[in-house]
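Chemist: Attaching a single structure in structure tokens format; questions to follow.
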Amino acid sequence: MIIVMNNGATEEQIDTVVAKIRSFDLDANVSRGTERTVIGAIGDERKLSPEIFDTLSGVEYSMHIVKQYKIVSREWHKDNSIINVGGVPIGGDQVQVIGGPCSVETQEQMDSAAQHVADAGCQLMRGGAFKPRTSPYTFQGNGEEGLKMFRRAADKHNLRIVTELMDARMLDTFLEYDVDVIQIGTRSMQNFELLKEVGRINKPVILKRGMSATVSEWLMAAEYIAAGGNHNIIFCERGIRTFETAYRNVMDVTCIPVLKKETHLPVIVDPSHAGGKAWMVSALARAAVAAGADGLLVEMHPNPCEAWCDADQALNPEEFRDLMGSLKGIAAVIGRSL
Ligand code: PEP
Ligand code: MN
């Protein structure tokens, strides 16, 4: 961190800044120019923040010189990290598609969905047992019963399961059902206590981007999980809010190369919640894979018209199978497989 002093800052003001830096067990380097004195803090500057210094008299401004995230950054770990989800790699050469319904509805629906997901060639399945709904009066998910149905359906086809955790109090239940990947939804991206809880275990976590979160806030949210010891983190872009109203969210393709540069962790994309309409999903999915996404999270329902949640954006099994076919070609062009 560097602290730039005002033109004419007094020796006493400079000494106060130096003492403040030392009070955090860091060293200070004072560099006197012809017009300005600049003070550098030497050591782990992540303990410091600009507001510590900006209120001191004589300080013009202060700024970090290293990134605030560390464990998740590519500076810290140069090679791509591959997350092992029960033997299925995410972040390697193979693009992984996670398919399944928005929510777990019935055993019959899950059995049928699992069959279609497996038939399409996927190794991972999605489905929410706990649903974050805008209205408290709509279907909230089947809860623990839903986890049971999901596990039963997925086990028949050896599929790994991905499901959202909204409340840390359910974490033990998730572990009991051996949920393979814990999804943190867009609305929970900055629920720091929840992030700390999933940081304490070693299950892979899909961290969805907050619908209004910057890339840097998203990386910091991942750092919360990593700081607890769990480095099995997968970023998931699911569309952000903008002024546009013609679709549910804007799928931020730009964030894919940006994240790939900033972090060694895998990046997947959810084209379903981005577009919000089934007819957009394939185009968005192809764009995401072409841009370098390590995987996709796609909503597929055995009978979309009857889906209890997000019916508009679910692909039917045939559309899902066709999408898988077209993605193979895109993956091959960029030297990956599906
Ligand atoms: C979901 O994937 O089911 C979901 C609720 O997504 P998001 O958190 O991105 O809205
Ligand atoms: Mn959904």
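If you're wondering about the labels, chains in the structure tokens are A, B, ... by order shown, residues count from 1 in each chain, ligands from 1 in order shown.
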Set the distance at 8 Å and use only C-alpha atoms: which residues neighbour Ala226 (chain A) once local chain neighbours fewer than 6 positions away are removed? I'd like the list as number ranges by chain.
Modeler: A: 71-72, 199, 232-233
Chemist: In region 108-303 of chain A, what's helix (DSSP H, G or I) per DSSP? Answer as a VMD selection string?
Modeler: chain A and resid 108 to 119 144 to 155 168 to 176 186 to 188 192 to 199 215 to 227 255 to 262 271 to 275 278 to 290
Chemist: Fewer than 2 positions away in the same chain doesn't count, so skip those; otherwise give me all residues within 8 Å of Thr106 (chain A), counting only C-alpha atoms, as a ChimeraX atom specification.
Modeler: /A:104,108-110,146,149
Chemist: Filtering to N, CA, C and O atoms, could you give me those residues as a compact mmCIF listing (two decimals), in the first residue's frame?
Modeler:
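File produced: selection20.txt:
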# COMPACT_ATOMS: atom_id res chain seq x y z
N VAL A 104 -36.01 -29.70 -7.73
CA VAL A 104 -36.43 -31.10 -7.52
C VAL A 104 -37.92 -31.07 -7.21
O VAL A 104 -38.34 -30.44 -6.24
N GLU A 108 -40.46 -39.10 -9.71
CA GLU A 108 -40.65 -39.46 -11.12
C GLU A 108 -39.95 -38.45 -12.04
O GLU A 108 -39.25 -38.82 -12.99
N GLN A 109 -40.14 -37.17 -11.73
CA GLN A 109 -39.50 -36.11 -12.54
C GLN A 109 -37.98 -36.23 -12.47
O GLN A 109 -37.28 -36.12 -13.48
N MET A 110 -37.44 -36.52 -11.28
CA MET A 110 -35.98 -36.61 -11.12
C MET A 110 -35.44 -37.86 -11.81
O MET A 110 -34.35 -37.83 -12.40
N GLY A 146 -36.25 -33.43 -0.98
CA GLY A 146 -35.74 -33.21 -2.33
C GLY A 146 -34.33 -33.77 -2.49
O GLY A 146 -33.99 -34.35 -3.53
N MET A 149 -34.63 -37.49 -2.96
CA MET A 149 -35.08 -37.87 -4.32
C MET A 149 -33.94 -37.68 -5.32
O MET A 149 -33.74 -38.51 -6.21
Chemist: Env of region 55-70 of chain A: 10 Å cut, atoms = only C-alpha atoms, seq-sep filter 5 positions within chain, self excluded. Answer as a VMD selection string.
Modeler: chain A and resid 1 to 14 16 to 17 20 36 to 41 44 to 50 75 to 77 216 to 217 219 to 224 226 to 227 262 to 263
Chemist: What residues have any atom no more than 7 Å from ligand 1 when counting only C-alpha atoms and all ligand atoms, and can you list them as a PyMOL selection string?
Modeler: chain A and resi 102-103+127-128+131-132+185-187+208+238+273
Chemist: Could you pull the residues within 12 Å of Cys305 (chain A), counting only C-alpha atoms, minus those fewer than 4 positions along the same chain, as a list in words?
Modeler: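 Once the adjacent positions are removed, what remains is Ala278, Met300, His301, Cys309, Asp310, Ala311, Asp312, Gln313, Ala314, Leu315 and Asn316 of chain A.
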Chemist: Selection from above, all heavy atoms, as a JSON list (two decimals), in the first residue's frame, can you write it?
Modeler:
[["chain", "number", "residue", "atom", "x", "y", "z"],
["A", 278, "ALA", "N", -35.85, -20.45, -23.04],
["A", 278, "ALA", "CA", -35.23, -21.67, -23.56],
["A", 278, "ALA", "C", -34.60, -21.46, -24.94],
["A", 278, "ALA", "O", -33.52, -21.97, -25.22],
["A", 278, "ALA", "CB", -36.25, -22.80, -23.61],
["A", 300, "MET", "N", -32.66, -28.26, -17.69],
["A", 300, "MET", "CA", -33.33, -29.18, -18.61],
["A", 300, "MET", "C", -34.42, -29.87, -17.80],
["A", 300, "MET", "O", -34.16, -30.31, -16.66],
["A", 300, "MET", "CB", -32.32, -30.21, -19.13],
["A", 300, "MET", "CG", -32.84, -31.12, -20.21],
["A", 300, "MET", "SD", -33.76, -32.51, -19.60],
["A", 300, "MET", "CE", -32.57, -33.35, -18.60],
["A", 301, "HIS", "N", -35.62, -29.92, -18.35],
["A", 301, "HIS", "CA", -36.74, -30.55, -17.62],
["A", 301, "HIS", "C", -37.39, -31.58, -18.54],
["A", 301, "HIS", "O", -37.53, -31.33, -19.73],
["A", 301, "HIS", "CB", -37.74, -29.46, -17.22],
["A", 301, "HIS", "CG", -38.77, -29.91, -16.23],
["A", 301, "HIS", "ND1", -39.86, -30.69, -16.61],
["A", 301, "HIS", "CD2", -38.89, -29.72, -14.90],
["A", 301, "HIS", "CE1", -40.59, -30.94, -15.54],
["A", 301, "HIS", "NE2", -40.03, -30.37, -14.47],
["A", 309, "CYS", "N", -40.84, -24.43, -11.58],
["A", 309, "CYS", "CA", -39.98, -23.26, -11.37],
["A", 309, "CYS", "C", -39.17, -23.02, -12.67],
["A", 309, "CYS", "O", -38.69, -23.98, -13.27],
["A", 309, "CYS", "CB", -39.05, -23.64, -10.22],
["A", 309, "CYS", "SG", -37.95, -22.40, -9.66],
["A", 310, "ASP", "N", -39.06, -21.79, -13.10],
["A", 310, "ASP", "CA", -38.29, -21.44, -14.30],
["A", 310, "ASP", "C", -38.65, -22.28, -15.54],
["A", 310, "ASP", "O", -37.78, -22.71, -16.30],
["A", 310, "ASP", "CB", -36.77, -21.56, -14.02],
["A", 310, "ASP", "CG", -36.24, -20.38, -13.22],
["A", 310, "ASP", "OD1", -36.98, -19.39, -13.07],
["A", 310, "ASP", "OD2", -35.09, -20.45, -12.74],
["A", 311, "ALA", "N", -39.98, -22.45, -15.75],
["A", 311, "ALA", "CA", -40.45, -23.26, -16.88],
["A", 311, "ALA", "C", -40.01, -22.67, -18.23],
["A", 311, "ALA", "O", -39.69, -23.40, -19.16],
["A", 311, "ALA", "CB", -41.97, -23.38, -16.82],
["A", 312, "ASP", "N", -40.00, -21.34, -18.31],
["A", 312, "ASP", "CA", -39.68, -20.65, -19.58],
["A", 312, "ASP", "C", -38.29, -20.93, -20.11],
["A", 312, "ASP", "O", -38.03, -20.80, -21.30],
["A", 312, "ASP", "CB", -39.73, -19.13, -19.35],
["A", 312, "ASP", "CG", -41.11, -18.59, -19.56],
["A", 312, "ASP", "OD1", -42.03, -19.42, -19.71],
["A", 312, "ASP", "OD2", -41.25, -17.36, -19.59],
["A", 313, "GLN", "N", -37.37, -21.21, -19.20],
["A", 313, "GLN", "CA", -35.97, -21.30, -19.64],
["A", 313, "GLN", "C", -35.44, -22.73, -19.71],
["A", 313, "GLN", "O", -34.30, -22.94, -20.10],
["A", 313, "GLN", "CB", -35.07, -20.43, -18.73],
["A", 313, "GLN", "CG", -34.96, -20.93, -17.31],
["A", 313, "GLN", "CD", -34.34, -19.91, -16.37],
["A", 313, "GLN", "OE1", -34.56, -18.72, -16.51],
["A", 313, "GLN", "NE2", -33.53, -20.36, -15.42],
["A", 314, "ALA", "N", -36.29, -23.70, -19.36],
["A", 314, "ALA", "CA", -35.80, -25.09, -19.36],
["A", 314, "ALA", "C", -35.81, -25.66, -20.78],
["A", 314, "ALA", "O", -36.79, -25.52, -21.51],
["A", 314, "ALA", "CB", -36.68, -25.94, -18.45],
["A", 315, "LEU", "N", -34.74, -26.32, -21.16],
["A", 315, "LEU", "CA", -34.70, -27.06, -22.42],
["A", 315, "LEU", "C", -35.47, -28.35, -22.21],
["A", 315, "LEU", "O", -35.51, -28.89, -21.10],
["A", 315, "LEU", "CB", -33.26, -27.39, -22.81],
["A", 315, "LEU", "CG", -32.30, -26.23, -23.07],
["A", 315, "LEU", "CD1", -30.95, -26.77, -23.52],
["A", 315, "LEU", "CD2", -32.87, -25.26, -24.10],
["A", 316, "ASN", "N", -36.05, -28.87, -23.29],
["A", 316, "ASN", "CA", -36.61, -30.22, -23.17],
["A", 316, "ASN", "C", -35.48, -31.21, -23.47],
["A", 316, "ASN", "O", -34.40, -30.80, -23.95],
["A", 316, "ASN", "CB", -37.87, -30.41, -24.04],
["A", 316, "ASN", "CG", -37.56, -30.31, -25.52],
["A", 316, "ASN", "OD1", -36.50, -30.75, -25.95],
["A", 316, "ASN", "ND2", -38.46, -29.73, -26.28]]
Chemist: Residues at most 8 Å from Pro271 (chain A), counting only C-alpha atoms, excluding those fewer than 6 positions away in the same chain, as a ChimeraX atom specification?
Modeler: /A:238-239,251,281-282,284-285,296-298
Chemist: Give the answer as one residue: which of A:Gly276, A:Glu51, A:Thr214, A:Leu175 has the shortest atom-to-atom distance to Thr245 (chain A), using only C-alpha atoms?
Modeler: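 Using only C-alpha atoms, Thr245 (chain A) sits closest to A:Gly276.
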